[in-house]
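Below: one structure, written as structure tokens.
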Amino acid sequence: MLTVNEFTDFASLCDTLATKWLDLVVATPESQSCSFALAGGTTPAPLYRQFDRLFAASKSRHIQLLATDERWVPDSDPQSNEGLFRQCFASSSTHWNLVSLKNNLPAPADAIADIDARLNKDSPDPFTAVILGMGTDGHIASLFPDAPQLLTKDIRSSCVAAVNPATQQERMSLSFARLLATKAIWLVITGAEKRAVLEQASKTHTRPIGALLAAADVEVFWCP
């Protein structure tokens, strides 16, 4: 099922989703894990800062954060999603821990076994929620349209090595099956172009976003 929430501007979107996110954290019993896989990039950064302010003020429980995907660069690199999280969640840094998708090996393909073992050890339970973005080509996380073999629930590993077809940049991504192992999926997108891609994919189930819509309930948060 696809549910679309529309907002007039991104600030309103962030206020609503950050509050919804905090409410979910507060409502999760201490006996259950509370973990979130988060999209990177510049678009969701204001959302993360808004949640950081609410979360720091709430004195709520401890949570776990992961990136849905990560570029194979140091945290200090402006393109690092994990580096972005450390900046955006600075006020609440004592209330969360990050499970990294990186290690010191030369390339993501070399690191799959090690990162998969880390994820299975440190984050074995279904996510409380996954926050995804989407490219204009319909990709989610680092699951791109030119790699349909990655869009299968049969991949046993929790992570997969990926390459951005436009830049040839290497990345590590949560696998399709691991993204689906969650209690909620929230998709954050902006603009008419991405809205059109989403609507087409919801009818044809093409592109990675279409595969996601065919496999799971997705709640969309959109503004122009």
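Following the order of the structure tokens, first chain is A, next is B, and so on, with residues numbered from 1 inside each chain and ligands from 1 in the order they appear.
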
List every residue of chain A that DSSP, applied to the backbone of this structure, assigns to alpha helix (DSSP H), and report them as a PyMOL selection string.
-> chain A and resi 10-27+45-58+81-88+108-122+176-180+192-204+207-215

Tell me which protein, DNA and RNA residues are within 12 Å of A:Pro124, counting only C-alpha atoms, leaving out same-chain ones fewer than 5 positions away, and put them as a list of chain:residue names.
-> A:Gln32, A:Ser33, A:Cys34, A:Ser35, A:Gln64, A:Val99, A:Asp116, A:Ala117, A:Arg118, A:Leu119, A:Ser157, A:Ser158, A:Arg178, A:Ala181, A:Thr182

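Of the residues listed (A:Ile140, A:Met172, A:Ala129, A:Met134), A:Ala129 shows the shortest atom-to-atom separation from A:Ile63; distances use only C-alpha atoms.
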
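The shortest atom-to-atom distance to A:Glu30, with only C-alpha atoms taken into account, belongs to A:Arg61 out of A:Gln79, A:Ala45, A:Ala11, A:Arg61.
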
Tell me, as a PyMOL selection string, which residues lie within 7 Å of A:Ala161, counting only C-alpha atoms; anything in the same chain fewer than 4 positions away does not count.
-> chain A and resi 108-109+112+171-173

Could you write out that same residue set with N, CA and C atoms as an mmCIF file, in the first residue's frame?
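Output file again.cif follows:
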```
data_model
loop_
_atom_site.group_PDB
_atom_site.id
_atom_site.type_symbol
_atom_site.label_atom_id
_atom_site.label_comp_id
_atom_site.auth_asym_id
_atom_site.auth_seq_id
_atom_site.Cartn_x
_atom_site.Cartn_y
_atom_site.Cartn_z
ATOM 1 N N PRO A 108 34.422 -1.677 -1.370
ATOM 2 C CA PRO A 108 33.246 -2.322 -0.767
ATOM 3 C C PRO A 108 33.153 -3.815 -1.060
ATOM 4 N N ALA A 109 33.506 -4.220 -2.273
ATOM 5 C CA ALA A 109 33.408 -5.634 -2.622
ATOM 6 C C ALA A 109 34.295 -6.497 -1.725
ATOM 7 N N ILE A 112 32.389 -6.978 2.049
ATOM 8 C CA ILE A 112 31.026 -7.476 2.237
ATOM 9 C C ILE A 112 30.932 -8.453 3.401
ATOM 10 N N ARG A 171 30.246 2.115 -3.555
ATOM 11 C CA ARG A 171 29.443 2.285 -2.359
ATOM 12 C C ARG A 171 29.129 0.940 -1.713
ATOM 13 N N MET A 172 28.779 1.001 -0.448
ATOM 14 C CA MET A 172 28.197 -0.148 0.240
ATOM 15 C C MET A 172 26.743 0.202 0.529
ATOM 16 N N SER A 173 25.842 -0.734 0.257
ATOM 17 C CA SER A 173 24.422 -0.496 0.474
ATOM 18 C C SER A 173 23.828 -1.623 1.295
#
```

Give me the residues within 12 Å of A:Trp72 as a count of residues only, counting only C-alpha atoms and dropping any in the same chain fewer than 2 places off.
-> 35

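You will find atom CA of A:Pro46 at 12.2 Å from atom CA of A:Thr16.
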
Please produce, as CSV, a per-residue contact table for stretch 62-181 of chain A versus stretch 202-212 of chain A (criterion: any atom at most 8 Å away, only C-alpha atoms considered), showing the nearest atom pair and its distance in Å to one decimal, sorted by chain then residue number.
```
residue,atom,partner,partner_atom,distance
A:Met134,CA,A:Ile209,CA,7.4
A:Asp137,CA,A:Arg207,CA,7.6
A:Gly138,CA,A:Ile209,CA,5.4
A:His139,CA,A:Pro208,CA,5.3
A:Ile140,CA,A:Ile209,CA,6.3
A:Leu143,CA,A:Pro208,CA,6.6
A:Phe144,CA,A:Pro208,CA,6.6
A:Pro145,CA,A:Arg207,CA,5.5
A:Pro148,CA,A:Pro208,CA,7.7
A:Leu151,CA,A:Pro208,CA,6.9
```

Take the selection from the previous step and output its residues with N, CA and C atoms, as a PDB file, in the first residue's frame.
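So out.pdb came out as:
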```pdb
ATOM      1  N   MET A 134      15.042   9.016  -2.895  1.00  0.00           N
ATOM      2  CA  MET A 134      14.918   8.404  -4.221  1.00  0.00           C
ATOM      3  C   MET A 134      15.528   9.334  -5.258  1.00  0.00           C
ATOM      4  N   ASP A 137      16.197   8.719 -11.238  1.00  0.00           N
ATOM      5  CA  ASP A 137      16.225   7.468 -12.001  1.00  0.00           C
ATOM      6  C   ASP A 137      15.472   6.352 -11.276  1.00  0.00           C
ATOM      7  N   GLY A 138      14.918   6.661 -10.094  1.00  0.00           N
ATOM      8  CA  GLY A 138      14.173   5.668  -9.338  1.00  0.00           C
ATOM      9  C   GLY A 138      15.014   4.809  -8.423  1.00  0.00           C
ATOM     10  N   HIS A 139      16.295   5.164  -8.206  1.00  0.00           N
ATOM     11  CA  HIS A 139      17.102   4.329  -7.312  1.00  0.00           C
ATOM     12  C   HIS A 139      16.791   4.644  -5.853  1.00  0.00           C
ATOM     13  N   ILE A 140      16.980   3.655  -5.000  1.00  0.00           N
ATOM     14  CA  ILE A 140      16.844   3.790  -3.557  1.00  0.00           C
ATOM     15  C   ILE A 140      18.101   3.227  -2.917  1.00  0.00           C
ATOM     16  N   LEU A 143      20.877   1.031  -4.674  1.00  0.00           N
ATOM     17  CA  LEU A 143      20.328   0.013  -5.569  1.00  0.00           C
ATOM     18  C   LEU A 143      19.865   0.728  -6.826  1.00  0.00           C
ATOM     19  N   PHE A 144      20.679   0.652  -7.873  1.00  0.00           N
ATOM     20  CA  PHE A 144      20.461   1.430  -9.087  1.00  0.00           C
ATOM     21  C   PHE A 144      19.749   0.615 -10.167  1.00  0.00           C
ATOM     22  N   PRO A 145      19.093   1.297 -11.113  1.00  0.00           N
ATOM     23  CA  PRO A 145      18.343   0.586 -12.161  1.00  0.00           C
ATOM     24  C   PRO A 145      19.183  -0.336 -13.029  1.00  0.00           C
ATOM     25  N   PRO A 148      19.707  -4.796 -11.681  1.00  0.00           N
ATOM     26  CA  PRO A 148      18.469  -5.449 -11.216  1.00  0.00           C
ATOM     27  C   PRO A 148      18.726  -6.690 -10.382  1.00  0.00           C
ATOM     28  N   LEU A 151      18.033  -6.384  -6.710  1.00  0.00           N
ATOM     29  CA  LEU A 151      16.661  -6.184  -6.232  1.00  0.00           C
ATOM     30  C   LEU A 151      15.963  -7.520  -6.017  1.00  0.00           C
TER      31      LEU A 151
END
```

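Interatomic distance, atom CA of A:Phe85 to atom CA of A:Ala141: 15.3 Å.
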
Going by DSSP on the backbone, which bits of stretch 6-182 of chain A are strand (DSSP E or B)? Write them as a ChimeraX atom specification, please.
-> /A:6,35-38,63-67,69-71,96-98,127,129-132,140,143,159-163,170-174,182

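Among the candidate residues A:Thr28, A:Lys20, A:Leu180, A:Leu187, the one lying nearest to A:Ala214 is A:Leu180, with distances computed using only C-alpha atoms.
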
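Using only C-alpha atoms, the nearest neighbour of A:Gly41 within the list A:His95, A:Asn5, A:Gly133, A:Ala18 is A:Gly133.
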
Selection: 8 Å around A:Met1, only C-alpha atoms, excl. self and same-chain fewer than 4 positions, as JSON, numbers by chain | {"A": [213, 216, 217, 218]}

Would you put the residues from that selection into a file with N, CA and C atoms, as a JSON list (two decimals), in the first residue's frame?
```json
[["chain", "number", "residue", "atom", "x", "y", "z"],
["A", 213, "LEU", "N", 7.85, -0.72, -3.93],
["A", 213, "LEU", "CA", 6.40, -0.54, -3.79],
["A", 213, "LEU", "C", 5.66, -1.87, -3.96],
["A", 216, "ALA", "N", 6.43, -3.88, -0.37],
["A", 216, "ALA", "CA", 6.22, -3.36, 0.99],
["A", 216, "ALA", "C", 5.22, -2.21, 1.00],
["A", 217, "ASP", "N", 4.67, -1.93, 2.17],
["A", 217, "ASP", "CA", 3.88, -0.73, 2.38],
["A", 217, "ASP", "C", 4.85, 0.45, 2.56],
["A", 218, "VAL", "N", 4.61, 1.52, 1.86],
["A", 218, "VAL", "CA", 5.49, 2.69, 1.90],
["A", 218, "VAL", "C", 4.68, 3.94, 2.19]]
```

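Here atom CA of A:Ala113 stands at a distance of 12.8 Å from atom CA of A:Leu174.
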
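For A:Val188, the non-local neighbours within 10 Å, defined as residues at least 3 positions apart in the same chain or in other chains and counting only C-alpha atoms, are Asn5, Phe10, Leu13, Cys14, Leu17, Ala39, Thr43, Pro44, Leu47, Ile131, Leu132, Gly133, Met134, Ile185, Glu219, Val220, Phe221, Trp222 and Cys223 of chain A.
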
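Residue nearest A:Val130 within the list A:Leu38, A:Val73, A:Val26, A:Leu65: A:Leu38 [criterion: smallest interatomic distance, only C-alpha atoms].
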
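Excluding A:Ser91 itself and any same-chain residue fewer than 2 positions from it, the protein and nucleic acid residues within 9 Å of it, counting only C-alpha atoms, are Arg49, Asp52, Arg53, Phe55, Ala56, Gln87, Cys88, Phe89, Ser93 and Thr94 of chain A.
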